[in-house]
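Trainee: I'm passing along entry_28.cif; it holds mmCIF, C-alpha atoms.
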```
data_input
loop_
_atom_site.label_atom_id
_atom_site.label_comp_id
_atom_site.auth_asym_id
_atom_site.auth_seq_id
_atom_site.Cartn_x
_atom_site.Cartn_y
_atom_site.Cartn_z
CA MET U 1 69.93 39.65 45.74
CA ALA U 2 67.02 41.92 44.85
CA LYS U 3 64.65 39.45 46.50
CA ALA U 4 66.18 40.09 49.94
CA GLN U 5 65.79 43.85 49.58
CA ASN U 6 62.15 43.76 48.48
CA ILE U 7 60.84 40.87 50.57
CA ILE U 8 59.46 43.16 53.32
CA PRO U 9 59.24 46.97 53.27
CA VAL U 10 61.67 48.62 55.69
CA GLU U 11 58.82 50.76 57.06
CA ARG U 12 56.88 47.65 58.09
CA ILE U 13 59.87 46.25 59.93
CA ALA U 14 60.71 49.61 61.52
CA SER U 15 57.16 49.84 62.91
CA GLN U 16 57.81 46.58 64.78
CA ILE U 17 61.01 47.77 66.45
CA TYR U 18 60.37 48.84 70.06
CA LEU U 19 62.54 50.59 72.61
CA ILE U 20 62.54 48.41 75.72
CA ARG U 21 65.09 48.70 78.56
CA GLY U 22 66.97 51.21 76.43
CA GLU U 23 67.43 48.68 73.62
CA LYS U 24 65.90 48.62 70.16
CA VAL U 25 64.26 45.20 69.98
CA MET U 26 61.78 43.10 68.04
CA LEU U 27 59.33 40.74 69.70
CA ASP U 28 59.28 37.02 69.05
CA SER U 29 55.71 37.09 67.70
CA ASP U 30 56.53 39.81 65.16
CA LEU U 31 59.66 37.96 64.06
CA ALA U 32 57.72 34.71 63.73
CA LYS U 33 55.22 36.42 61.40
CA LEU U 34 58.04 37.81 59.27
CA TYR U 35 59.77 34.43 59.11
CA GLN U 36 56.40 32.73 58.50
CA VAL U 37 56.79 30.29 61.38
CA GLU U 38 54.79 29.84 64.56
CA THR U 39 56.01 31.79 67.58
CA LYS U 40 56.35 28.61 69.63
CA ASN U 41 58.58 27.06 66.95
CA LEU U 42 60.79 30.14 66.83
CA ASN U 43 61.11 30.07 70.62
CA LYS U 44 61.86 26.33 70.61
CA ALA U 45 64.69 26.87 68.11
CA VAL U 46 66.08 29.59 70.36
CA GLN U 47 65.77 27.42 73.49
CA ARG U 48 67.61 24.56 71.76
CA ASN U 49 70.56 26.93 71.17
CA PRO U 50 71.02 28.90 74.42
CA ARG U 51 74.71 29.67 73.76
CA ARG U 52 73.75 31.69 70.69
CA PHE U 53 71.38 33.96 72.65
CA PRO U 54 73.03 35.49 75.73
CA GLY U 55 71.33 38.29 77.67
CA ASP U 56 72.60 41.04 75.38
CA CYS U 57 70.97 39.35 72.37
CA MET U 58 67.62 38.37 73.83
CA PHE U 59 65.59 38.75 77.03
CA GLN U 60 62.09 37.97 78.22
CA LEU U 61 59.88 40.91 79.16
CA SER U 62 58.79 41.18 82.77
CA PRO U 63 55.04 40.91 83.45
CA GLU U 64 54.94 44.69 84.05
CA GLU U 65 56.71 45.42 80.75
CA PHE U 66 54.36 42.97 79.02
CA GLU U 67 51.28 44.77 80.41
CA ALA U 68 52.65 48.18 79.42
CA LEU U 69 53.43 46.90 75.93
CA ARG U 70 50.02 45.26 75.61
CA PHE U 71 48.42 48.60 76.53
CA GLN U 72 50.67 50.48 74.08
CA ILE U 73 49.96 48.11 71.18
CA GLY U 74 46.28 47.80 72.07
CA THR U 75 45.91 44.04 72.30
CA ALA U 76 43.19 42.47 74.36
CA LYS U 77 43.81 40.71 77.62
CA GLY U 78 41.84 37.58 78.15
CA ARG U 79 41.16 34.30 76.44
CA GLY U 80 43.19 33.53 73.39
CA GLY U 81 46.45 35.18 72.58
CA ARG U 82 49.55 35.18 74.71
CA ARG U 83 49.69 34.10 78.30
CA THR U 84 53.42 34.53 78.87
CA PRO U 85 55.58 37.61 78.33
CA PRO U 86 57.27 37.66 74.92
CA TYR U 87 60.95 37.42 74.20
CA ALA U 88 62.64 40.54 72.84
CA PHE U 89 65.53 40.22 70.38
CA THR U 90 68.17 42.90 69.90
CA GLU U 91 69.80 43.47 66.51
CA GLN U 92 72.46 40.90 67.42
CA GLY U 93 69.78 38.43 68.49
CA VAL U 94 67.99 38.85 65.17
CA ALA U 95 71.28 38.18 63.39
CA MET U 96 71.70 34.99 65.43
CA LEU U 97 68.21 33.81 64.46
CA SER U 98 69.43 33.11 60.94
CA SER U 99 71.82 30.55 62.39
CA VAL U 100 69.00 28.57 64.05
CA LEU U 101 66.27 28.97 61.41
CA HIS U 102 67.44 27.13 58.34
CA SER U 103 65.45 28.36 55.36
CA ASP U 104 65.89 30.69 52.42
CA ARG U 105 63.03 32.81 53.74
CA ALA U 106 64.81 33.18 57.10
CA ALA U 107 67.99 34.36 55.37
CA ASP U 108 66.10 36.88 53.19
CA VAL U 109 64.01 38.22 56.07
CA ASN U 110 67.10 38.45 58.25
CA LEU U 111 68.83 40.69 55.72
CA ALA U 112 65.76 42.91 55.48
CA ILE U 113 65.54 43.23 59.28
CA ILE U 114 69.23 44.05 59.68
CA ARG U 115 68.88 46.71 56.97
CA ALA U 116 65.91 48.19 58.83
CA PHE U 117 67.95 48.40 62.06
CA VAL U 118 70.79 50.10 60.16
CA LYS U 119 68.40 52.57 58.52
CA LEU U 120 66.80 53.35 61.87
CA ARG U 121 70.23 53.97 63.39
CA GLU U 122 71.09 56.35 60.52
CA ILE U 123 67.81 58.25 60.95
CA LEU U 124 68.36 58.61 64.70
CA ALA U 125 71.91 59.87 64.15
CA THR U 126 70.65 62.45 61.66
CA HIS U 127 68.00 63.64 64.11
CA LYS U 128 70.57 64.02 66.89
CA ASP U 129 72.76 66.20 64.64
CA LEU U 130 69.73 68.25 63.63
CA ALA U 131 68.61 68.65 67.25
CA ARG U 132 72.08 69.86 68.23
CA LYS U 133 72.06 72.47 65.43
CA VAL U 134 68.56 73.62 66.37
CA GLU U 135 69.65 74.09 70.00
CA GLN U 136 72.55 76.30 68.87
CA HIS U 137 70.25 78.35 66.64
CA ASP U 138 67.59 78.58 69.38
CA HIS U 139 70.08 80.32 71.66
CA GLN U 140 71.07 82.80 68.93
CA ILE U 141 67.41 83.43 68.02
CA ALA U 142 66.55 84.06 71.69
CA ILE U 143 69.29 86.72 71.93
CA LEU U 144 68.08 88.35 68.70
CA PHE U 145 64.45 88.25 69.86
CA ASP U 146 65.43 89.91 73.16
CA ARG U 147 67.21 92.74 71.36
CA VAL U 148 64.31 93.33 68.96
CA GLN U 149 61.86 93.46 71.88
CA LYS U 150 63.99 96.12 73.58
CA ILE U 151 64.03 98.19 70.40
CA LEU U 152 60.27 97.89 69.88
CA ALA U 153 59.33 98.52 73.52
CA PRO U 154 57.87 101.96 74.21
CA PRO U 155 60.23 104.32 75.96
CA ASN U 156 59.91 104.65 79.69
CA PRO U 157 57.41 107.38 80.58
CA PRO U 158 58.87 110.41 82.37
CA LYS U 159 58.71 110.20 86.14
CA HIS U 160 57.06 113.61 86.48
CA PRO U 161 54.65 114.58 83.76
CA ILE U 162 55.23 117.94 82.15
CA GLY U 163 52.35 120.41 82.01
CA TYR U 164 48.92 120.54 83.61
CA VAL U 165 47.58 117.25 85.01
CA PRO U 166 43.85 117.33 85.79
CA PRO U 167 42.89 115.99 89.22
CA LYS U 168 41.32 112.56 89.43
CA ASP U 169 37.74 112.49 90.63
#
```
Is it possible to give me this structure as C-alpha cells?
Mentor:
Amino acid sequence: MAKAQNIIPVERIASQIYLIRGEKVMLDSDLAKLYQVETKNLNKAVQRNPRRFPGDCMFQLSPEEFEALRFQIGTAKGRGGRRTPPYAFTEQGVAMLSSVLHSDRAADVNLAIIRAFVKLREILATHKDLARKVEQHDHQIAILFDRVQKILAPPNPPKHPIGYVPPKD
C-alpha cells in the first residue's frame, strides 16, 4: 500500500496536468513515461478498447491546440519528436487506463495519478473559498479606505480669502 503512495511525487504528476478545453487532462506521452511504456503502445492499448474511452474520457488535440501546447511547454518543432497531436486523458480516462494496461506498475501509478487529481481539486476548491472571502473583505476595506481619505483630506479652502491679498504681478 505504501508503494502506491510513494511511487511518484504528487507534485511531479500535478505539473503534468494541463487545462485544455476546460478539462484537467494529462497527455499520452506524459502518462506513458509514468507507466514506463512507449507512447505508441499506450495509444495502441487505448485504440484496441474504444468502448472504454468515450469523448468525455479522452480526446485528441487539434493541430492548433497542439501548436499552442508545444509553444507553452517549449518543445522543438522539426525532426524527431511527435508528428501527430497527442491524446489528452481526463481523470476518468486515466482511471480507465488501468483496465487496459495490465501491470503492477500501471495499478500503482494509476493510484498516484488519481490522488494527484483529487489533491488538485481540493486545492482549487480552497482557493475559490479564499478568493470569495478576499472579495468580501476588499469591498469592506475600500469603504474604510474611502472614509479615512475623507478624514485626512485638507478642509476646503474658503471661497473668499479673509484679509489683505497682495496683487499678482
Trainee: Which residue gives the smallest distance to Leu61 (chain U) among U:Leu97, U:Val165, U:Met26, U:Val148, with all atoms listed in the file counted?
Mentor: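 Checking each candidate against Leu61 (chain U), we get U:Met26 as the closest.
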Trainee: If you count all atoms listed in the file, which residues fall within 9 Å of Ile13 (chain U), apart from same-chain ones fewer than 6 positions away, as a PyMOL selection string?
Mentor: chain U and resi 26+30+34+112-113+116-117
Trainee: Restricting the calculation to all atoms listed in the file: of U:Gln140, U:Lys24, U:Phe145, U:Arg83, which residue gets closest to Pro63 (chain U)?
Mentor: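 Smallest separation from Pro63 (chain U) among the options: U:Arg83.
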Trainee: Find the residue from U:Gln36, U:Thr84, U:Gln72, U:Asn156 that sits nearest to Leu19 (chain U); use all atoms listed in the file when measuring.
Mentor: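 Closest candidate: U:Gln72.
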Trainee: Check what the PyMOL selection byres ((chain U and resi 55) around 12) selects in the file above and give those residues as a PDB file with C-alpha atoms, in the coordinates of the input.
Mentor:
```pdb
ATOM      1  CA  GLU U  23      67.430  48.680  73.620  1.00  0.00           C
ATOM      2  CA  PRO U  50      71.020  28.900  74.420  1.00  0.00           C
ATOM      3  CA  ARG U  51      74.710  29.670  73.760  1.00  0.00           C
ATOM      4  CA  ARG U  52      73.750  31.690  70.690  1.00  0.00           C
ATOM      5  CA  PHE U  53      71.380  33.960  72.650  1.00  0.00           C
ATOM      6  CA  PRO U  54      73.030  35.490  75.730  1.00  0.00           C
ATOM      7  CA  ASP U  56      72.600  41.040  75.380  1.00  0.00           C
ATOM      8  CA  CYS U  57      70.970  39.350  72.370  1.00  0.00           C
ATOM      9  CA  MET U  58      67.620  38.370  73.830  1.00  0.00           C
ATOM     10  CA  PHE U  59      65.590  38.750  77.030  1.00  0.00           C
ATOM     11  CA  GLN U  60      62.090  37.970  78.220  1.00  0.00           C
ATOM     12  CA  LEU U  61      59.880  40.910  79.160  1.00  0.00           C
ATOM     13  CA  TYR U  87      60.950  37.420  74.200  1.00  0.00           C
ATOM     14  CA  ALA U  88      62.640  40.540  72.840  1.00  0.00           C
ATOM     15  CA  PHE U  89      65.530  40.220  70.380  1.00  0.00           C
ATOM     16  CA  THR U  90      68.170  42.900  69.900  1.00  0.00           C
ATOM     17  CA  GLN U  92      72.460  40.900  67.420  1.00  0.00           C
ATOM     18  CA  GLY U  93      69.780  38.430  68.490  1.00  0.00           C
TER      19      GLY U  93
END
```
Trainee: Interatomic distance between CA of Ala45 (chain U) and CA of Val100 (chain U)?
Mentor: 6.2 Å
Trainee: Kindly indicate which residue among U:Tyr164, U:Val37, U:His139, U:Ala131 lies nearest to Ala106 (chain U), using only C-alpha atoms for the distances.
Mentor: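 Closest to Ala106 (chain U), using only C-alpha atoms: U:Val37.
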Trainee: Please compute the CA of Asp129 (chain U)-CA of Ala95 (chain U) distance, one decimal, in Å.
Mentor: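 Separation between CA of Asp129 (chain U) and CA of Ala95 (chain U): 28.1 Å.
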Trainee: With only C-alpha atoms as the atoms that count, which of U:Arg82, U:Lys119, U:Arg12, U:Arg70 lies nearest to Lys40 (chain U)?
Mentor: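 Of U:Arg82, U:Lys119, U:Arg12, U:Arg70, the one nearest Lys40 (chain U), counting only C-alpha atoms, is U:Arg82.
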Trainee: Rebuild region 24-48 of chain U to N, CA and C atoms - output it as a short mmCIF file (atom, residue, chain, number, x, y, z; two decimals), keeping the file's coordinate frame, please.
Mentor:
```cif
data_model
loop_
_atom_site.label_atom_id
_atom_site.label_comp_id
_atom_site.auth_asym_id
_atom_site.auth_seq_id
_atom_site.Cartn_x
_atom_site.Cartn_y
_atom_site.Cartn_z
N LYS U 24 66.82 48.78 71.28
CA LYS U 24 65.90 48.62 70.16
C LYS U 24 65.75 47.12 69.93
N VAL U 25 64.51 46.64 70.04
CA VAL U 25 64.26 45.20 69.98
C VAL U 25 63.06 44.89 69.10
N MET U 26 62.96 43.62 68.71
CA MET U 26 61.78 43.10 68.04
C MET U 26 61.26 41.94 68.86
N LEU U 27 59.95 41.80 68.90
CA LEU U 27 59.33 40.74 69.70
C LEU U 27 59.28 39.44 68.92
N ASP U 28 59.28 38.34 69.67
CA ASP U 28 59.28 37.02 69.05
C ASP U 28 58.08 36.80 68.13
N SER U 29 56.91 37.30 68.51
CA SER U 29 55.71 37.09 67.70
C SER U 29 55.80 37.84 66.37
N ASP U 30 56.36 39.05 66.39
CA ASP U 30 56.53 39.81 65.16
C ASP U 30 57.55 39.14 64.25
N LEU U 31 58.64 38.66 64.85
CA LEU U 31 59.66 37.96 64.06
C LEU U 31 59.09 36.68 63.45
N ALA U 32 58.30 35.96 64.23
CA ALA U 32 57.72 34.71 63.73
C ALA U 32 56.84 34.98 62.51
N LYS U 33 56.06 36.07 62.56
CA LYS U 33 55.22 36.42 61.40
C LYS U 33 56.08 36.72 60.18
N LEU U 34 57.15 37.47 60.39
CA LEU U 34 58.04 37.81 59.27
C LEU U 34 58.70 36.57 58.69
N TYR U 35 59.12 35.66 59.56
CA TYR U 35 59.77 34.43 59.11
C TYR U 35 58.77 33.38 58.63
N GLN U 36 57.48 33.65 58.85
CA GLN U 36 56.40 32.73 58.50
C GLN U 36 56.54 31.39 59.21
N VAL U 37 56.78 31.47 60.52
CA VAL U 37 56.79 30.29 61.38
C VAL U 37 55.92 30.61 62.59
N GLU U 38 55.55 29.60 63.34
CA GLU U 38 54.79 29.84 64.56
C GLU U 38 55.74 30.36 65.65
N THR U 39 55.20 31.21 66.50
CA THR U 39 56.01 31.79 67.58
C THR U 39 56.61 30.71 68.45
N LYS U 40 55.82 29.67 68.76
CA LYS U 40 56.35 28.61 69.63
C LYS U 40 57.51 27.88 68.96
N ASN U 41 57.47 27.72 67.64
CA ASN U 41 58.58 27.06 66.95
C ASN U 41 59.83 27.92 66.94
N LEU U 42 59.65 29.23 66.77
CA LEU U 42 60.79 30.14 66.83
C LEU U 42 61.42 30.07 68.21
N ASN U 43 60.59 30.12 69.25
CA ASN U 43 61.11 30.07 70.62
C ASN U 43 61.77 28.73 70.94
N LYS U 44 61.23 27.64 70.40
CA LYS U 44 61.86 26.33 70.61
C LYS U 44 63.24 26.29 69.98
N ALA U 45 63.38 26.84 68.78
CA ALA U 45 64.69 26.87 68.11
C ALA U 45 65.68 27.68 68.93
N VAL U 46 65.22 28.75 69.52
CA VAL U 46 66.08 29.59 70.36
C VAL U 46 66.47 28.82 71.64
N GLN U 47 65.50 28.15 72.26
CA GLN U 47 65.77 27.42 73.49
C GLN U 47 66.71 26.24 73.27
N ARG U 48 66.69 25.67 72.07
CA ARG U 48 67.61 24.56 71.76
C ARG U 48 69.05 25.05 71.57
#
```
